[in-house]
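So this block is data_17.cif, mmCIF, C-alpha atoms:
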data_protein
#
loop_
_atom_site.label_atom_id
_atom_site.label_comp_id
_atom_site.auth_asym_id
_atom_site.auth_seq_id
_atom_site.Cartn_x
_atom_site.Cartn_y
_atom_site.Cartn_z
CA MET A 219 122.02 108.53 127.55
CA LYS A 220 119.41 109.21 130.23
CA VAL A 221 115.98 107.75 129.61
CA THR A 222 112.79 108.55 131.52
CA VAL A 223 110.67 105.47 132.07
CA LYS A 224 107.08 106.06 133.16
CA ILE A 225 105.44 102.89 134.43
CA LEU A 226 101.79 102.30 135.32
CA ARG A 227 102.01 100.79 138.80
CA TYR A 228 99.35 99.02 140.81
CA ASP A 229 99.80 97.16 144.10
CA PRO A 230 96.51 95.56 145.17
CA GLU A 231 97.59 95.70 148.85
CA LYS A 232 98.27 99.46 148.81
CA ASP A 233 96.65 101.20 145.86
CA GLN A 234 93.01 102.06 145.18
CA ARG A 235 93.74 102.46 141.49
CA PRO A 236 96.73 102.28 139.12
CA HIS A 237 99.08 105.29 139.02
CA TYR A 238 102.19 106.29 137.08
CA GLN A 239 105.68 106.22 138.60
CA THR A 240 108.69 107.72 136.84
CA TYR A 241 112.29 106.46 136.86
CA GLN A 242 115.50 107.83 135.34
CA VAL A 243 117.70 105.13 133.82
CA ASP A 244 121.08 105.15 132.06
CA ALA A 245 120.70 103.31 128.77
CA GLU A 246 122.17 102.68 125.34
CA PRO A 247 120.13 103.03 122.14
CA THR A 248 120.71 99.30 121.57
CA ASP A 249 119.13 98.31 124.91
CA TRP A 250 115.82 96.46 124.93
CA VAL A 251 112.95 97.86 126.97
CA LEU A 252 113.22 94.66 129.04
CA ASP A 253 116.81 95.64 129.95
CA LEU A 254 115.49 98.91 131.35
CA LEU A 255 112.82 97.18 133.41
CA GLU A 256 115.43 94.74 134.77
CA ARG A 257 117.68 97.69 135.68
CA ILE A 258 114.84 99.50 137.47
CA LYS A 259 113.89 96.37 139.38
CA GLY A 260 117.52 95.50 140.21
CA ASP A 261 118.87 98.95 141.10
CA GLN A 262 115.99 101.26 141.98
CA ASP A 263 112.75 99.56 142.95
CA GLY A 264 112.60 95.84 143.71
CA SER A 265 108.83 96.00 144.14
CA LEU A 266 108.25 96.42 140.39
CA SER A 267 106.52 93.36 138.95
CA PHE A 268 106.54 92.16 135.36
CA ARG A 269 106.64 88.81 133.57
CA ARG A 270 109.68 87.68 131.62
CA SER A 271 111.22 84.35 130.84
CA CYS A 272 113.32 83.64 127.75
CA ALA A 273 114.02 87.30 126.89
CA HIS A 274 114.39 86.31 123.23
CA GLY A 275 110.91 86.83 121.82
CA ILE A 276 109.93 83.16 121.99
CA CYS A 277 108.06 82.60 125.25
CA GLY A 278 105.66 85.55 124.88
CA SER A 279 105.73 86.42 128.61
CA ASP A 280 106.61 90.10 128.43
CA ALA A 281 103.93 91.54 126.17
CA MET A 282 102.98 95.02 127.42
CA ARG A 283 101.96 98.43 126.13
CA ILE A 284 105.10 100.38 125.28
CA ASN A 285 104.54 103.99 124.20
CA GLY A 286 100.86 103.24 123.66
CA MET A 287 101.23 100.11 121.54
CA ASN A 288 101.41 96.41 122.39
CA ARG A 289 104.90 94.97 121.98
CA LEU A 290 107.25 92.43 123.55
CA ALA A 291 109.65 94.25 125.90
CA CYS A 292 112.42 91.84 124.88
CA LYS A 293 111.99 92.64 121.18
CA THR A 294 111.69 96.42 121.41
CA LEU A 295 114.92 98.39 121.03
CA LEU A 296 115.10 101.88 122.52
CA GLN A 297 116.39 103.30 119.24
CA ASP A 298 113.23 102.09 117.50
CA LEU A 299 111.02 104.09 119.88
CA HIS A 300 112.61 107.41 118.81
CA SER A 301 111.97 108.92 122.24
CA HIS A 302 113.81 109.57 125.49
CA THR A 303 110.58 109.08 127.43
CA ILE A 304 109.13 105.59 127.50
CA VAL A 305 105.69 104.86 128.86
CA VAL A 306 105.15 101.24 129.92
CA GLU A 307 101.64 100.03 130.78
CA PRO A 308 100.01 96.63 131.25
CA LEU A 309 97.96 95.01 128.47
CA LEU A 310 94.47 96.42 128.06
CA GLY A 311 91.28 94.44 128.60
CA LEU A 312 92.67 91.94 131.11
CA PRO A 313 92.53 92.51 134.91
CA ILE A 314 95.77 93.84 136.40
CA ILE A 315 97.16 91.57 139.13
CA LYS A 316 100.17 93.75 139.99
CA ASP A 317 102.00 96.46 138.01
CA LEU A 318 102.61 95.01 134.52
CA VAL A 319 101.30 91.54 135.37
CA VAL A 320 97.80 90.86 134.06
CA ASP A 321 95.48 87.93 134.66
CA MET A 322 95.85 85.75 131.54
CA GLU A 323 93.12 83.27 132.55
CA PRO A 324 90.32 84.87 130.43
CA PHE A 325 92.72 84.83 127.47
CA PHE A 326 93.59 81.15 127.90
CA ASP A 327 89.92 80.24 128.46
CA HIS A 328 89.15 81.60 124.98
CA TYR A 329 92.20 79.80 123.60
CA LYS A 330 91.08 76.45 125.07
CA SER A 331 87.52 76.90 123.76
CA VAL A 332 88.62 76.42 120.11
CA MET A 333 90.18 72.98 120.74
CA PRO A 334 93.77 74.00 119.88
CA TYR A 335 94.99 70.46 119.28
CA LEU A 336 94.85 67.91 116.45
CA VAL A 337 91.63 65.88 116.40
CA ASN A 338 91.69 62.73 114.28
CA ASP A 339 90.09 59.51 115.47
CA GLU A 340 90.88 57.58 112.30
CA GLN A 341 93.18 54.57 112.48
CA ALA A 342 96.72 55.95 112.69
CA PRO A 343 99.02 54.84 109.84
CA MET A 344 102.14 52.76 110.57
CA ARG A 345 104.32 55.86 110.24
CA GLU A 346 103.36 59.56 110.31
CA ARG A 347 100.16 61.12 108.88
CA LEU A 348 101.52 62.34 105.58
CA GLN A 349 101.03 65.90 104.40
CA SER A 350 102.26 67.57 101.22
CA PRO A 351 104.37 70.75 101.42
CA ALA A 352 101.46 72.68 99.87
CA GLU A 353 99.04 71.38 102.53
CA ARG A 354 101.53 72.35 105.27
CA GLU A 355 102.03 75.79 103.72
CA ARG A 356 98.27 76.45 103.96
CA PHE A 357 98.45 77.10 107.71
CA ASP A 358 102.16 77.85 108.13
CA ASP A 359 101.67 81.49 109.15
CA THR A 360 99.39 80.69 112.08
CA THR A 361 101.76 78.08 113.55
CA LYS A 362 104.04 80.94 114.62
CA CYS A 363 101.78 82.18 117.46
CA ILE A 364 103.50 82.36 120.87
CA LEU A 365 100.31 83.22 122.84
CA CYS A 366 101.67 86.51 124.14
CA ALA A 367 98.16 88.11 124.00
CA ALA A 368 99.48 91.24 122.25
CA CYS A 369 96.88 90.82 119.48
CA THR A 370 93.83 90.05 121.62
CA THR A 371 94.52 92.93 124.00
CA SER A 372 95.01 95.40 121.13
CA CYS A 373 91.54 94.65 119.75
CA PRO A 374 88.79 97.25 120.39
CA SER A 375 86.15 94.51 120.07
CA PHE A 376 87.84 92.66 122.95
CA TRP A 377 88.09 95.86 125.04
CA ALA A 378 84.38 96.41 124.55
CA ASN A 379 83.43 92.85 125.42
CA GLY A 380 85.76 90.38 127.13
CA ASP A 381 83.53 87.50 125.99
CA TYR A 382 84.76 88.01 122.42
CA ILE A 383 86.95 85.02 121.64
CA GLY A 384 89.73 87.29 120.35
CA PRO A 385 92.30 87.19 117.55
CA ALA A 386 94.74 84.78 119.26
CA ALA A 387 92.10 82.07 119.72
CA ILE A 388 90.99 82.50 116.08
CA VAL A 389 94.60 82.28 114.88
CA ASN A 390 95.07 79.03 116.81
CA ALA A 391 91.77 77.68 115.49
CA HIS A 392 92.89 78.61 111.95
CA ARG A 393 96.08 76.58 112.49
CA PHE A 394 93.97 73.40 112.87
CA ILE A 395 90.95 74.26 110.70
CA PHE A 396 93.15 74.36 107.60
CA ASP A 397 95.31 71.38 108.62
CA SER A 398 94.59 68.53 106.18
CA ARG A 399 95.16 65.94 108.97
CA ASP A 400 92.54 67.41 111.30
CA ARG A 401 88.92 66.19 111.40
CA ALA A 402 87.27 68.74 113.75
CA SER A 403 87.19 71.77 111.44
CA SER A 404 83.40 71.89 111.30
CA GLU A 405 83.16 71.82 115.11
CA ARG A 406 85.67 74.69 115.40
CA LEU A 407 83.84 76.68 112.74
CA ARG A 408 80.59 76.12 114.66
CA ILE A 409 82.24 77.53 117.83
CA LEU A 410 83.67 80.51 115.94
CA ASN A 411 80.29 81.23 114.33
CA GLY A 412 78.80 81.87 117.80
CA GLN A 413 77.60 85.14 119.30
CA PHE A 414 81.09 86.08 120.54
CA GLY A 415 82.92 84.44 117.68
CA VAL A 416 84.75 85.56 114.59
CA PHE A 417 82.12 88.03 113.34
CA ARG A 418 82.90 90.39 116.24
CA CYS A 419 86.07 91.22 114.26
CA HIS A 420 85.60 94.55 112.47
CA THR A 421 88.77 94.38 110.37
CA ILE A 422 90.52 97.05 112.44
CA PHE A 423 94.06 95.59 111.96
CA ASN A 424 95.39 96.49 115.44
CA CYS A 425 96.11 92.78 115.96
CA THR A 426 98.20 92.41 112.81
CA GLN A 427 100.14 95.54 113.72
CA ALA A 428 100.75 94.36 117.32
CA CYS A 429 101.82 90.78 116.55
CA PRO A 430 105.54 90.38 117.41
CA ARG A 431 105.68 87.31 115.14
CA GLU A 432 104.32 89.27 112.17
CA ILE A 433 101.44 86.84 111.63
CA GLN A 434 98.85 88.10 109.13
CA ILE A 435 96.16 87.81 111.81
CA THR A 436 93.40 89.79 110.11
CA LYS A 437 93.94 87.70 106.97
CA ALA A 438 93.63 84.49 109.01
CA ILE A 439 90.42 85.82 110.59
CA GLY A 440 89.14 86.75 107.11
CA GLU A 441 89.81 83.20 105.89
CA VAL A 442 87.89 81.75 108.84
CA LYS A 443 84.99 84.15 108.20
CA LYS A 444 84.91 83.07 104.56
CA ALA A 445 85.07 79.36 105.49
CA ILE A 446 82.06 79.84 107.78
CA ALA A 447 80.12 81.83 105.17
CA THR A 448 80.83 79.47 102.24
CA GLY A 449 81.35 76.16 104.07
CA ASN A 450 84.44 75.74 101.93
CA LEU A 451 88.00 75.37 103.29
CA ASP A 452 89.79 76.16 100.00
CA MET B 243 92.60 91.50 144.07
CA ALA B 244 93.02 92.21 140.39
CA VAL B 245 91.76 95.51 139.05
CA SER B 246 89.95 95.96 135.73
CA LYS B 247 90.38 99.31 134.05
CA ASN B 248 87.76 100.60 131.66
CA ALA B 249 89.64 99.36 128.64
CA TRP B 250 87.12 100.80 126.21
CA LEU B 251 87.84 104.40 127.21
CA THR B 252 91.57 103.86 127.81
CA GLY B 253 91.71 102.12 124.45
CA LEU B 254 90.98 105.37 122.67
CA ARG B 255 94.57 106.29 123.56
CA TYR B 256 95.94 103.09 122.02
CA ARG B 257 98.30 103.94 119.17
CA GLY B 258 96.77 101.80 116.47
CA GLY B 259 97.83 104.30 113.79
CA ASP B 260 95.93 104.95 110.58
CA ASN B 261 94.03 101.63 110.73
CA MET B 262 92.44 102.52 114.03
CA LEU B 263 91.76 106.09 112.88
CA VAL B 264 89.89 104.78 109.83
CA TRP B 265 87.86 102.38 112.01
CA MET B 266 86.97 105.18 114.45
CA LEU B 267 85.97 107.49 111.60
CA HIS B 268 83.75 104.72 110.20
CA ARG B 269 81.99 104.39 113.56
CA ILE B 270 81.62 108.16 114.03
CA SER B 271 80.37 108.66 110.45
CA GLY B 272 77.82 105.86 110.94
CA LEU B 273 76.48 107.56 114.07
CA ALA B 274 76.51 110.95 112.34
CA MET B 275 74.38 109.59 109.50
CA VAL B 276 71.83 108.24 111.98
CA LEU B 277 71.65 111.77 113.42
CA PHE B 278 71.28 113.37 109.97
CA VAL B 279 68.52 110.99 108.88
CA GLY B 280 66.86 111.35 112.30
CA ALA B 281 66.88 115.15 112.00
CA HIS B 282 65.37 114.89 108.50
CA ILE B 283 62.54 112.59 109.66
CA LEU B 284 61.86 114.76 112.72
CA SER B 285 61.81 117.91 110.61
CA SER B 286 59.28 116.40 108.17
CA PHE B 287 57.16 115.16 111.08
CA PHE B 288 57.13 118.54 112.86
CA THR B 289 56.37 120.47 109.65
CA GLN B 290 53.78 118.23 107.98
CA GLN B 291 52.04 116.49 110.89
CA LEU B 292 52.15 119.13 113.62
CA GLY B 293 52.67 122.31 111.59
CA SER B 294 55.29 123.27 114.16
CA THR B 295 58.07 125.80 113.56
CA TRP B 296 60.52 123.25 115.06
CA GLY B 297 60.57 121.62 111.63
CA ILE B 298 61.66 124.87 109.96
CA ALA B 299 64.35 125.35 112.61
CA LEU B 300 65.72 121.83 112.00
CA ASN B 301 65.54 122.38 108.22
CA THR B 302 67.56 125.58 108.52
CA ILE B 303 70.28 123.74 110.41
CA TYR B 304 70.76 120.69 108.22
CA GLU B 305 70.20 122.47 104.91
CA SER B 306 72.88 125.05 105.68
CA PRO B 307 75.87 124.63 103.35
CA TYR B 308 78.33 124.56 106.29
CA PHE B 309 76.45 121.63 107.82
CA GLN B 310 76.33 119.89 104.46
CA ILE B 311 80.11 119.92 104.15
CA PHE B 312 80.23 117.73 107.30
CA LEU B 313 77.46 115.60 105.84
CA TYR B 314 79.41 115.04 102.61
CA PHE B 315 82.53 114.10 104.57
CA PHE B 316 80.77 111.50 106.71
CA VAL B 317 78.61 109.98 103.97
CA ILE B 318 81.32 109.78 101.28
CA PHE B 319 83.87 108.42 103.77
CA HIS B 320 81.43 105.85 105.18
CA VAL B 321 80.48 104.60 101.72
CA ILE B 322 84.04 104.24 100.40
CA ASN B 323 85.39 102.71 103.60
CA GLY B 324 82.41 100.35 103.75
CA LEU B 325 83.17 99.19 100.20
CA ARG B 326 86.79 98.57 101.19
CA ILE B 327 85.69 96.40 104.13
CA ILE B 328 83.22 94.46 101.96
CA LEU B 329 85.95 93.87 99.40
CA LEU B 330 88.30 92.57 102.13
CA ASP B 331 85.58 90.29 103.54
CA PHE B 332 84.88 88.75 100.12
CA PHE B 333 88.53 88.37 99.16
CA PRO B 334 90.65 87.69 102.31
CA LYS B 335 93.79 87.43 100.15
CA LEU B 336 93.54 91.20 99.67
CA LEU B 337 94.08 91.64 103.42
CA GLU B 338 97.81 91.41 102.74
CA TYR B 339 97.46 94.66 100.81
CA GLN B 340 95.20 96.45 103.28
CA ARG B 341 97.63 99.38 103.65
CA GLU B 342 97.61 99.99 99.91
CA LEU B 343 93.82 99.66 99.88
CA THR B 344 93.53 102.27 102.64
CA TRP B 345 95.67 104.65 100.57
CA LEU B 346 93.51 103.89 97.53
CA GLU B 347 90.46 104.71 99.64
CA TRP B 348 91.84 108.17 100.47
CA ILE B 349 92.86 108.69 96.84
CA ILE B 350 89.23 108.06 95.79
CA PHE B 351 87.79 110.00 98.74
CA ILE B 352 89.77 113.24 98.43
CA PRO B 353 88.70 114.27 94.88
CA ILE B 354 85.04 113.31 95.43
CA PHE B 355 84.89 115.20 98.74
CA GLY B 356 86.93 118.07 97.31
CA LEU B 357 84.53 118.43 94.38
CA SER B 358 81.51 118.39 96.72
CA VAL B 359 83.08 121.09 98.90
CA PHE B 360 84.04 123.12 95.84
CA ILE B 361 80.46 123.08 94.49
CA THR B 362 79.08 123.98 97.94
CA VAL B 363 81.52 126.86 98.37
CA ILE B 364 80.63 128.20 94.89
CA LYS B 365 76.97 128.08 95.93
CA ILE B 366 77.75 130.00 99.14
CA LEU B 367 79.70 132.63 97.21
CA ASN B 368 76.77 133.00 94.82
CA GLY B 369 74.48 133.75 97.72
CA GLY B 370 73.34 130.15 98.51
#

For this file, produce the structure as structure tokens.
Amino acid sequence: MKVTVKILRYDPEKDQRPHYQTYQVDAEPTDWVLDLLERIKGDQDGSLSFRRSCAHGICGSDAMRINGMNRLACKTLLQDLHSHTIVVEPLLGLPIIKDLVVDMEPFFDHYKSVMPYLVNDEQAPMRERLQSPAERERFDDTTKCILCAACTTSCPSFWANGDYIGPAAIVNAHRFIFDSRDRASSERLRILNGQFGVFRCHTIFNCTQACPREIQITKAIGEVKKAIATGNLD
Amino acid sequence: MAVSKNAWLTGLRYRGGDNMLVWMLHRISGLAMVLFVGAHILSSFFTQQLGSTWGIALNTIYESPYFQIFLYFFVIFHVINGLRIILLDFFPKLLEYQRELTWLEWIIFIPIFGLSVFITVIKILNGG
């Protein structure tokens, strides 16, 4: 079948502002959107820029807006879009470097600000720091994040103010806040209680809907809000 | 040189589905209520403090039954949706069932709003 792919293009050396360019591509319903982009770049227009790496939904490189919603191009089948016209645009709220490539630095700055690593200065045991299955289960959902930025860039609070720490950073803070081995929960909660912290979330649910890993992001944010309000991690 | 688009305006076209629609309605209804209350205060001020006919003009607008149907929509929606959000904030476990809660919200909203509209329409038919 013939598919029309409309891509928001922007070349900083030529264009004043982003504009749409349309391509006709032969495709199968079982093709991924990433396959189409590869075909356009390979056969029609080598100047098209986009990020991709593993192409299996693990690396999180190819998050973009597909038909108006954030998705991974390598996890989106044409048949699931129910349309012969596909609009591909870069993520919202981050500066566009070229075509579908956005500047991820602001995103990773927020991520780094929540100390996304285990903090425990206590004497390490002879073997591993033990944890029960129930304690591990407590933060299992938020370990699945691949840092694709689909959630943060789907959030109206982040569009309105780029200083908002964003859902991805909160998810990664949640992963350590509720880890029984970690000792920096109170410091992370203090950071997330700041002016641009967790209370900028207005429970809109765009993040949960956009997450390609199906993480219950709004629930994780809700748990962090409650931990800050009650001072209790249960 | 990277370019930043006005994500706030472009974001209105983001296809967030019913969740985003509910959030936008909550924002719009909040603003609408500020306007309604503002008009009421202004009307009282013009009428009682200045004896101006502006107060009567404002009264005529916001006391009209057609205007009140909009008022009912925004106030009832804002209250029920606000309660849903408070419930979710107090009990984060319920966030897993947010879709069902949104449906429940509409199930509660529709009869209350419908009844308000019905009573208003009856009043209009009876000559206000």

Calculate how many Å separate atom CA of B:Gly253 from atom CA of A:Trp377, rounding to one decimal.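 Atom CA of A:Trp377 lies at a distance of 7.3 Å from atom CA of B:Gly253.
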
Hey, which bits of chain B sit within 12 Å of chain A, and for each residue what's the closest pair of atoms and how far apart in Å (one decimal), counting all atoms listed in the file, rows by chain and increasing number, as CSV?
residue,atom,partner,partner_atom,distance
B:Met243,CA,A:Pro230,CA,5.7
B:Ala244,CA,A:Ile315,CA,4.4
B:Val245,CA,A:Ile314,CA,5.1
B:Ser246,CA,A:Pro313,CA,4.4
B:Lys247,CA,A:Pro313,CA,7.2
B:Asn248,CA,A:Gly311,CA,7.7
B:Ala249,CA,A:Gly311,CA,5.2
B:Trp250,CA,A:Trp377,CA,5.2
B:Leu251,CA,A:Trp377,CA,8.8
B:Thr252,CA,A:Leu310,CA,8.0
B:Gly253,CA,A:Pro374,CA,7.0
B:Leu254,CA,A:Pro374,CA,8.7
B:Arg255,CA,A:Gly286,CA,7.0
B:Tyr256,CA,A:Gly286,CA,5.2
B:Arg257,CA,A:Gly286,CA,5.2
B:Gly258,CA,A:Asn424,CA,5.6
B:Gly259,CA,A:Asn424,CA,8.3
B:Asp260,CA,A:Phe423,CA,9.6
B:Asn261,CA,A:Ile422,CA,6.0
B:Met262,CA,A:Ile422,CA,6.0
B:Leu263,CA,A:Ile422,CA,9.1
B:Val264,CA,A:Ile422,CA,8.2
B:Trp265,CA,A:Ile422,CA,6.0
B:Met266,CA,A:Ile422,CA,9.1
B:Leu267,CA,A:Ile422,CA,11.4
B:His268,CA,A:Ile422,CA,10.5
B:Arg269,CA,A:His420,CA,10.5
B:Asn323,CA,A:Thr421,CA,11.3
B:Gly324,CA,A:His420,CA,10.9
B:Arg326,CA,A:Thr421,CA,10.3
B:Ile327,CA,A:Thr421,CA,7.2
B:Ile328,CA,A:Thr421,CA,10.1
B:Leu329,CA,A:Gly440,CA,11.0
B:Leu330,CA,A:Gly440,CA,7.7
B:Asp331,CA,A:Gly440,CA,6.2
B:Phe332,CA,A:Lys444,CA,7.2
B:Phe333,CA,A:Gly440,CA,8.1
B:Pro334,CA,A:Gly440,CA,5.1
B:Lys335,CA,A:Lys437,CA,6.8
B:Leu336,CA,A:Lys437,CA,8.1
B:Leu337,CA,A:Lys437,CA,5.3
B:Glu338,CA,A:Lys437,CA,6.8
B:Tyr339,CA,A:Lys437,CA,9.9
B:Gln340,CA,A:Phe423,CA,8.8
B:Arg341,CA,A:Phe423,CA,9.8
B:Thr344,CA,A:Phe423,CA,11.5

Any chance you can output those residues with C-alpha atoms as a short mmCIF file (atom, residue, chain, number, x, y, z; two decimals), in the coordinates of the input?
data_model
loop_
_atom_site.label_atom_id
_atom_site.label_comp_id
_atom_site.auth_asym_id
_atom_site.auth_seq_id
_atom_site.Cartn_x
_atom_site.Cartn_y
_atom_site.Cartn_z
CA MET B 243 92.60 91.50 144.07
CA ALA B 244 93.02 92.21 140.39
CA VAL B 245 91.76 95.51 139.05
CA SER B 246 89.95 95.96 135.73
CA LYS B 247 90.38 99.31 134.05
CA ASN B 248 87.76 100.60 131.66
CA ALA B 249 89.64 99.36 128.64
CA TRP B 250 87.12 100.80 126.21
CA LEU B 251 87.84 104.40 127.21
CA THR B 252 91.57 103.86 127.81
CA GLY B 253 91.71 102.12 124.45
CA LEU B 254 90.98 105.37 122.67
CA ARG B 255 94.57 106.29 123.56
CA TYR B 256 95.94 103.09 122.02
CA ARG B 257 98.30 103.94 119.17
CA GLY B 258 96.77 101.80 116.47
CA GLY B 259 97.83 104.30 113.79
CA ASP B 260 95.93 104.95 110.58
CA ASN B 261 94.03 101.63 110.73
CA MET B 262 92.44 102.52 114.03
CA LEU B 263 91.76 106.09 112.88
CA VAL B 264 89.89 104.78 109.83
CA TRP B 265 87.86 102.38 112.01
CA MET B 266 86.97 105.18 114.45
CA LEU B 267 85.97 107.49 111.60
CA HIS B 268 83.75 104.72 110.20
CA ARG B 269 81.99 104.39 113.56
CA ASN B 323 85.39 102.71 103.60
CA GLY B 324 82.41 100.35 103.75
CA ARG B 326 86.79 98.57 101.19
CA ILE B 327 85.69 96.40 104.13
CA ILE B 328 83.22 94.46 101.96
CA LEU B 329 85.95 93.87 99.40
CA LEU B 330 88.30 92.57 102.13
CA ASP B 331 85.58 90.29 103.54
CA PHE B 332 84.88 88.75 100.12
CA PHE B 333 88.53 88.37 99.16
CA PRO B 334 90.65 87.69 102.31
CA LYS B 335 93.79 87.43 100.15
CA LEU B 336 93.54 91.20 99.67
CA LEU B 337 94.08 91.64 103.42
CA GLU B 338 97.81 91.41 102.74
CA TYR B 339 97.46 94.66 100.81
CA GLN B 340 95.20 96.45 103.28
CA ARG B 341 97.63 99.38 103.65
CA THR B 344 93.53 102.27 102.64
#

At what distance in Å, to one decimal, does atom CA of B:Ser306 lie from atom CA of B:Leu367?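 For atom CA of B:Leu367 relative to atom CA of B:Ser306, the distance reads 13.3 Å.
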
Residue IDs satisfying the PyMOL selection byres ((chain A and resi 347) around 12), as a list in words: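 Given this file, the PyMOL selection byres ((chain A and resi 347) around 12) evaluates to Leu336, Asn338, Glu340, Gln341, Ala342, Pro343, Met344, Arg345, Glu346, Leu348, Gln349, Ser350, Arg354, Asp397, Ser398, Arg399 and Asp400 of chain A.
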
Selection under test: the PyMOL selection byres ((chain A and resi 297) around 12); residues as a list in words: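 Applying the expression gives Met219, Val221, Ala245, Glu246, Pro247, Thr248, Asp249, Trp250, Val251, Lys293, Thr294, Leu295, Leu296, Asp298, Leu299, His300, Ser301, His302, Thr303 and Ile304 of chain A.
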
Coordinates-based distance that separates atom CA of A:Ser267 from atom CA of A:Leu318 (Å, one decimal):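 Between atom CA of A:Leu318 and atom CA of A:Ser267 the gap works out to 6.1 Å.
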
Counting all atoms listed in the file, figure out which residue out of A:Asn450, A:Asn411, A:Thr240, A:Ser403 gets nearest to A:Val306.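 Of A:Asn450, A:Asn411, A:Thr240, A:Ser403, the one nearest A:Val306 is A:Thr240, counting all atoms listed in the file.
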
Calculated over all atoms listed in the file, which of the candidates B:Ala299, B:Ile311, B:Phe288, B:His320 has the smallest distance to B:Ile270?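 Comparing B:Ala299, B:Ile311, B:Phe288, B:His320 against B:Ile270, the winner is B:His320.
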
Kindly extract all protein, DNA and RNA residues lying within 9 Å of the coordinates (91.0, 79.8, 124.0) given in the file, considering all atoms listed in the file, and supply them as a PDB file with C-alpha atoms, keeping the file's coordinate frame.
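Everything below was put into point12.pdb:
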ATOM      1  CA  PRO A 324      90.320  84.870 130.430  1.00  0.00           C
ATOM      2  CA  PHE A 325      92.720  84.830 127.470  1.00  0.00           C
ATOM      3  CA  PHE A 326      93.590  81.150 127.900  1.00  0.00           C
ATOM      4  CA  ASP A 327      89.920  80.240 128.460  1.00  0.00           C
ATOM      5  CA  HIS A 328      89.150  81.600 124.980  1.00  0.00           C
ATOM      6  CA  TYR A 329      92.200  79.800 123.600  1.00  0.00           C
ATOM      7  CA  LYS A 330      91.080  76.450 125.070  1.00  0.00           C
ATOM      8  CA  SER A 331      87.520  76.900 123.760  1.00  0.00           C
ATOM      9  CA  VAL A 332      88.620  76.420 120.110  1.00  0.00           C
ATOM     10  CA  MET A 333      90.180  72.980 120.740  1.00  0.00           C
ATOM     11  CA  PRO A 334      93.770  74.000 119.880  1.00  0.00           C
ATOM     12  CA  ILE A 383      86.950  85.020 121.640  1.00  0.00           C
ATOM     13  CA  GLY A 384      89.730  87.290 120.350  1.00  0.00           C
ATOM     14  CA  ALA A 386      94.740  84.780 119.260  1.00  0.00           C
ATOM     15  CA  ALA A 387      92.100  82.070 119.720  1.00  0.00           C
ATOM     16  CA  ILE A 388      90.990  82.500 116.080  1.00  0.00           C
ATOM     17  CA  ASN A 390      95.070  79.030 116.810  1.00  0.00           C
ATOM     18  CA  ALA A 391      91.770  77.680 115.490  1.00  0.00           C
TER      19      ALA A 391
END

So, with only C-alpha atoms as the atoms that count, which of A:Thr370, A:Leu451, A:Asp381, A:Asp244 lies closest to A:Phe414?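 That would be A:Asp381, the residue with the smallest distance to A:Phe414.
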
Report as a list in words the full result of the PyMOL selection byres ((chain A and resi 358-361) around 7) when it is applied to this structure. Arg354, Glu355, Arg356, Phe357, Lys362, Cys363, Val389, Asn390, His392, Arg393 and Ile433 of chain A

Would you save the residues from that selection as a PDB file, keeping the file's coordinate frame, using C-alpha atoms?
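again-v7.pdb, written as the output of this step:
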ATOM      1  CA  ARG A 354     101.530  72.350 105.270  1.00  0.00           C
ATOM      2  CA  GLU A 355     102.030  75.790 103.720  1.00  0.00           C
ATOM      3  CA  ARG A 356      98.270  76.450 103.960  1.00  0.00           C
ATOM      4  CA  PHE A 357      98.450  77.100 107.710  1.00  0.00           C
ATOM      5  CA  LYS A 362     104.040  80.940 114.620  1.00  0.00           C
ATOM      6  CA  CYS A 363     101.780  82.180 117.460  1.00  0.00           C
ATOM      7  CA  VAL A 389      94.600  82.280 114.880  1.00  0.00           C
ATOM      8  CA  ASN A 390      95.070  79.030 116.810  1.00  0.00           C
ATOM      9  CA  HIS A 392      92.890  78.610 111.950  1.00  0.00           C
ATOM     10  CA  ARG A 393      96.080  76.580 112.490  1.00  0.00           C
ATOM     11  CA  ILE A 433     101.440  86.840 111.630  1.00  0.00           C
TER      12      ILE A 433
END

Do a neighbour search on stretch 349-359 of chain B at 9 Å with all atoms listed in the file, toss out local chain neighbours closer than 6 positions, and write the hits as a list of chain:residue names.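 What passes the distance filter is B:Gln310, B:Ile311, B:Tyr314, B:Phe315, B:Ile318, B:Phe319, B:Ile322.
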
For B:Gly280, which residue out of B:Ile364, B:Leu300, B:Val317, B:Leu343 is the nearest one, using all atoms listed in the file?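 Among B:Ile364, B:Leu300, B:Val317, B:Leu343, it is B:Leu300 that comes nearest to B:Gly280.
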
Using only C-alpha atoms, which of the listed residues (B:Ile361, B:Leu292, B:Ile366, B:Leu277) sits closest to B:Leu313? B:Leu277
